[in-house]
$ cat work.cif   # mmCIF, C-alpha atoms
data_upload
#
loop_
_atom_site.label_atom_id
_atom_site.label_comp_id
_atom_site.auth_asym_id
_atom_site.auth_seq_id
_atom_site.Cartn_x
_atom_site.Cartn_y
_atom_site.Cartn_z
CA GLN A 1 39.14 66.72 93.44
CA VAL A 2 35.93 67.17 91.52
CA GLN A 3 32.78 69.16 92.19
CA LEU A 4 29.50 68.25 90.53
CA ALA A 5 26.30 70.18 89.86
CA GLU A 6 23.12 68.70 88.36
CA SER A 7 20.38 70.46 86.43
CA GLY A 8 17.39 69.57 84.30
CA GLY A 9 15.00 67.84 86.67
CA GLY A 10 11.29 68.52 86.63
CA SER A 11 7.84 67.05 86.31
CA VAL A 12 6.49 65.16 83.32
CA GLN A 13 3.65 62.81 82.52
CA THR A 14 4.05 59.11 81.88
CA GLY A 15 5.73 58.50 78.55
CA GLY A 16 7.42 61.88 78.53
CA SER A 17 11.10 62.76 78.35
CA LEU A 18 13.61 64.72 80.40
CA ARG A 19 17.29 65.44 79.99
CA LEU A 20 19.50 65.77 83.04
CA ALA A 21 22.88 67.45 82.93
CA CYS A 22 25.86 67.35 85.27
CA ALA A 23 28.63 69.93 85.16
CA ALA A 24 31.99 68.86 86.58
CA ALA A 25 34.72 71.10 87.94
CA VAL A 26 37.98 69.14 88.26
CA SER A 27 40.79 70.72 90.25
CA SER A 28 43.34 67.97 89.67
CA GLY A 29 44.66 66.09 86.65
CA THR A 30 42.66 62.97 87.58
CA ASN A 31 40.29 61.49 85.04
CA TYR A 32 36.89 60.53 86.40
CA ALA A 33 34.22 58.14 85.29
CA MET A 34 30.73 59.45 85.97
CA ALA A 35 27.33 58.04 86.77
CA TRP A 36 23.75 58.76 87.70
CA PHE A 37 22.17 57.34 90.81
CA ARG A 38 18.66 57.88 92.09
CA GLN A 39 16.99 57.67 95.45
CA VAL A 40 13.44 57.62 96.69
CA LEU A 41 12.84 58.77 100.25
CA GLY A 42 13.22 55.84 102.59
CA LYS A 43 14.95 53.61 100.06
CA ASP A 44 18.56 52.90 99.18
CA ARG A 45 20.31 54.87 96.48
CA GLU A 46 20.43 52.85 93.25
CA GLY A 47 22.63 53.06 90.21
CA VAL A 48 21.02 54.12 86.96
CA ALA A 49 23.79 54.50 84.39
CA ALA A 50 27.55 54.98 84.29
CA ILE A 51 30.07 56.10 81.69
CA SER A 52 33.83 55.75 81.53
CA SER A 53 36.19 58.71 81.51
CA SER A 54 36.64 58.33 77.75
CA GLY A 55 32.93 57.90 77.13
CA LEU A 56 33.52 54.63 75.28
CA THR A 57 32.04 52.32 77.90
CA THR A 58 28.58 52.60 79.43
CA PHE A 59 26.58 50.52 81.86
CA TYR A 60 22.86 50.68 82.62
CA ALA A 61 20.55 49.31 85.24
CA ASP A 62 18.17 46.75 83.75
CA SER A 63 15.22 48.93 84.68
CA VAL A 64 16.30 51.75 82.35
CA LYS A 65 17.93 49.90 79.45
CA GLY A 66 16.50 51.01 76.14
CA ARG A 67 14.89 54.10 77.70
CA PHE A 68 17.80 56.09 79.15
CA THR A 69 21.00 57.15 77.42
CA ILE A 70 24.09 58.43 79.22
CA SER A 71 26.66 60.56 77.41
CA ARG A 72 29.45 63.00 78.16
CA ASP A 73 31.27 65.88 76.51
CA ASN A 74 34.81 65.99 77.90
CA ALA A 75 35.57 69.24 76.10
CA LYS A 76 32.81 70.90 78.15
CA ASN A 77 33.22 68.77 81.31
CA THR A 78 29.58 67.80 81.20
CA MET A 79 27.59 64.60 81.39
CA SER A 80 23.98 64.06 80.40
CA LEU A 81 21.20 61.55 80.93
CA GLN A 82 18.48 61.45 78.29
CA MET A 83 15.42 59.85 79.82
CA ASP A 84 12.64 58.71 77.47
CA SER A 85 9.45 56.77 78.04
CA LEU A 86 9.44 57.86 81.66
CA GLN A 87 7.32 55.90 84.12
CA PRO A 88 6.04 56.84 87.59
CA GLU A 89 8.58 54.43 89.10
CA ASP A 90 11.35 56.60 87.65
CA SER A 91 10.35 59.37 90.07
CA ALA A 92 13.25 60.03 92.42
CA MET A 93 16.00 62.42 93.34
CA TYR A 94 18.73 61.94 90.73
CA TYR A 95 22.37 62.39 91.72
CA CYS A 96 25.44 62.81 89.59
CA ALA A 97 28.53 60.97 90.87
CA ALA A 98 32.18 60.62 89.93
CA ILE A 99 34.82 57.99 90.58
CA ARG A 100 38.50 57.82 89.68
CA HIS A 101 38.77 56.22 86.26
CA GLN A 102 40.92 53.30 87.48
CA LEU A 103 38.07 52.24 89.81
CA PHE A 104 35.40 52.26 87.11
CA SER A 105 33.48 49.02 86.62
CA ARG A 106 29.94 47.75 86.22
CA ASN A 107 29.92 47.04 89.96
CA TRP A 108 30.04 50.76 90.77
CA LEU A 109 26.29 50.95 90.10
CA GLN A 110 25.77 48.48 92.97
CA ILE A 111 28.16 50.29 95.34
CA PRO A 112 27.19 53.98 95.42
CA HIS A 113 29.36 54.63 98.49
CA ALA A 114 32.45 53.91 96.37
CA SER A 115 31.92 57.26 94.64
CA ASP A 116 34.50 60.00 95.11
CA ALA A 117 32.06 62.90 94.72
CA TRP A 118 28.35 63.68 94.54
CA GLY A 119 26.22 66.48 93.24
CA GLN A 120 23.39 67.99 95.25
CA GLY A 121 20.67 66.15 93.32
CA THR A 122 17.80 67.11 91.05
CA GLN A 123 14.21 65.94 91.45
CA VAL A 124 12.39 64.02 88.72
CA THR A 125 8.67 63.45 89.10
CA VAL A 126 6.63 61.39 86.65
CA SER A 127 2.88 61.53 87.03
CA SER A 128 0.43 58.96 85.70
#
$ encode --input "work.cif" --output "structure tokens"
Amino acid sequence: QVQLAESGGGSVQTGGSLRLACAAAVSSGTNYAMAWFRQVLGKDREGVAAISSSGLTTFYADSVKGRFTISRDNAKNTMSLQMDSLQPEDSAMYYCAAIRHQLFSRNWLQIPHASDAWGQGTQVTVSS
């Protein structure tokens, strides 16, 4: 099992940057891939970026490619999302998620309900 906790959300102006962090507490020997999803009230949750358990493979939604960077530090059991050139349409609740490493694929970003665990979310607001 894995428990996740996000931090680092906040409010910025258009063009600004934020860095989100996710701390993972793993109670089993399972390796997990991790990802960020986001959700606006009244809309479906959408995948933003995902990273393999090793950190060697990453996937991004087209809308954030070139602006967001996902990374992880397995020694510290943390994952981060560096968000640059933020736009108002990036405003959402951002959720950290984990999935067993053998289930990791690009498709995970399209199937949020496949996740094994979720954090509580952190709000990002970008004002114009």
$ atom_distance --input "work.cif" --atom1 "atom CA of A:Ser52" --atom2 "atom CA of A:Gln120"
21.1 Å
$ closest_residue --input "work.cif" --among "A:Glu6, A:Ile70, A:Gly42, A:Ile111" --to "A:Leu56" --atoms "only C-alpha atoms"
A:Ile70
$ atom_distance --input "work.cif" --atom1 "atom CA of A:Thr125" --atom2 "atom CA of A:Pro112"
21.7 Å
$ residues_around --input "work.cif" --residues "A:Asp73" --least-positions-apart "6" --cutoff "9 Å" --atoms "all atoms listed in the file" --output "VMD selection string"
chain A and resid 55 79 to 80
$ write_last_selection --input "work.cif" --atoms "C-alpha atoms" --output "PDB file, in the frame of the given file"
ATOM      1  CA  GLY A  55      32.930  57.900  77.130  1.00  0.00           C
ATOM      2  CA  MET A  79      27.590  64.600  81.390  1.00  0.00           C
ATOM      3  CA  SER A  80      23.980  64.060  80.400  1.00  0.00           C
TER       4      SER A  80
END
$ residues_near_point --input "work.cif" --point "(26.2, 53.6, 92.7)" --cutoff "8 Å" --atoms "all atoms listed in the file" --output "list in words"
Ala35, Trp36, Phe37, Arg45, Glu46, Gly47, Val48, Ala97, Trp108, Leu109, Gln110, Ile111, Pro112, His113, Ala114 and Ser115 of chain A
$ atom_distance --input "work.cif" --atom1 "atom CA of A:Gly15" --atom2 "atom CA of A:Gln123"
17.1 Å
$ resolve_selection --input "work.cif" --expression "the PyMOL selection byres ((chain A and resi 61) around 8)" --output "number ranges by chain"
A: 47-49, 59-60, 62-65, 109
$ write_last_selection --input "work.cif" --atoms "C-alpha atoms" --output "tab-separated table (two decimals), in the coordinates of the input"
chain	number	residue	atom	x	y	z
A	47	GLY	CA	22.63	53.06	90.21
A	48	VAL	CA	21.02	54.12	86.96
A	49	ALA	CA	23.79	54.50	84.39
A	59	PHE	CA	26.58	50.52	81.86
A	60	TYR	CA	22.86	50.68	82.62
A	62	ASP	CA	18.17	46.75	83.75
A	63	SER	CA	15.22	48.93	84.68
A	64	VAL	CA	16.30	51.75	82.35
A	65	LYS	CA	17.93	49.90	79.45
A	109	LEU	CA	26.29	50.95	90.10
$ residues_around --input "work.cif" --residues "stretch 18-27 of chain A" --least-positions-apart "4" --cutoff "6 Å" --atoms "all atoms listed in the file" --output "list of chain:residue names"
A:Gln1, A:Val2, A:Gln3, A:Leu4, A:Ala5, A:Glu6, A:Ser7, A:Gly8, A:Asn77, A:Thr78, A:Met79, A:Ser80, A:Leu81, A:Gln82, A:Met83
$ resolve_selection --input "work.cif" --expression "the PyMOL selection byres ((chain A and resi 87) around 9)" --output "JSON, numbers by chain"
{"A": [13, 14, 15, 16, 84, 85, 86, 88, 89, 90, 91, 126, 127, 128]}
$ residues_near_point --input "work.cif" --point "(34.2, 59.3, 82.1)" --cutoff "9 Å" --atoms "all atoms listed in the file" --output "count of residues only"
22
$ closest_residue --input "work.cif" --among "A:Thr30, A:Ser17, A:Gln39, A:Thr69" --to "A:Leu103" --atoms "only C-alpha atoms"
A:Thr30
$ closest_residue --input "work.cif" --among "A:Trp118, A:Thr58, A:Ser11, A:Ser28" --to "A:Cys96" --atoms "all atoms listed in the file"
A:Trp118
$ closest_residue --input "work.cif" --among "A:Asp116, A:Tyr94, A:Asn107, A:Val40" --to "A:Gly9" --atoms "only C-alpha atoms"
A:Tyr94
$ closest_residue --input "work.cif" --among "A:Arg38, A:Gly66, A:Met93, A:Val12" --to "A:Thr122" --atoms "only C-alpha atoms"
A:Met93
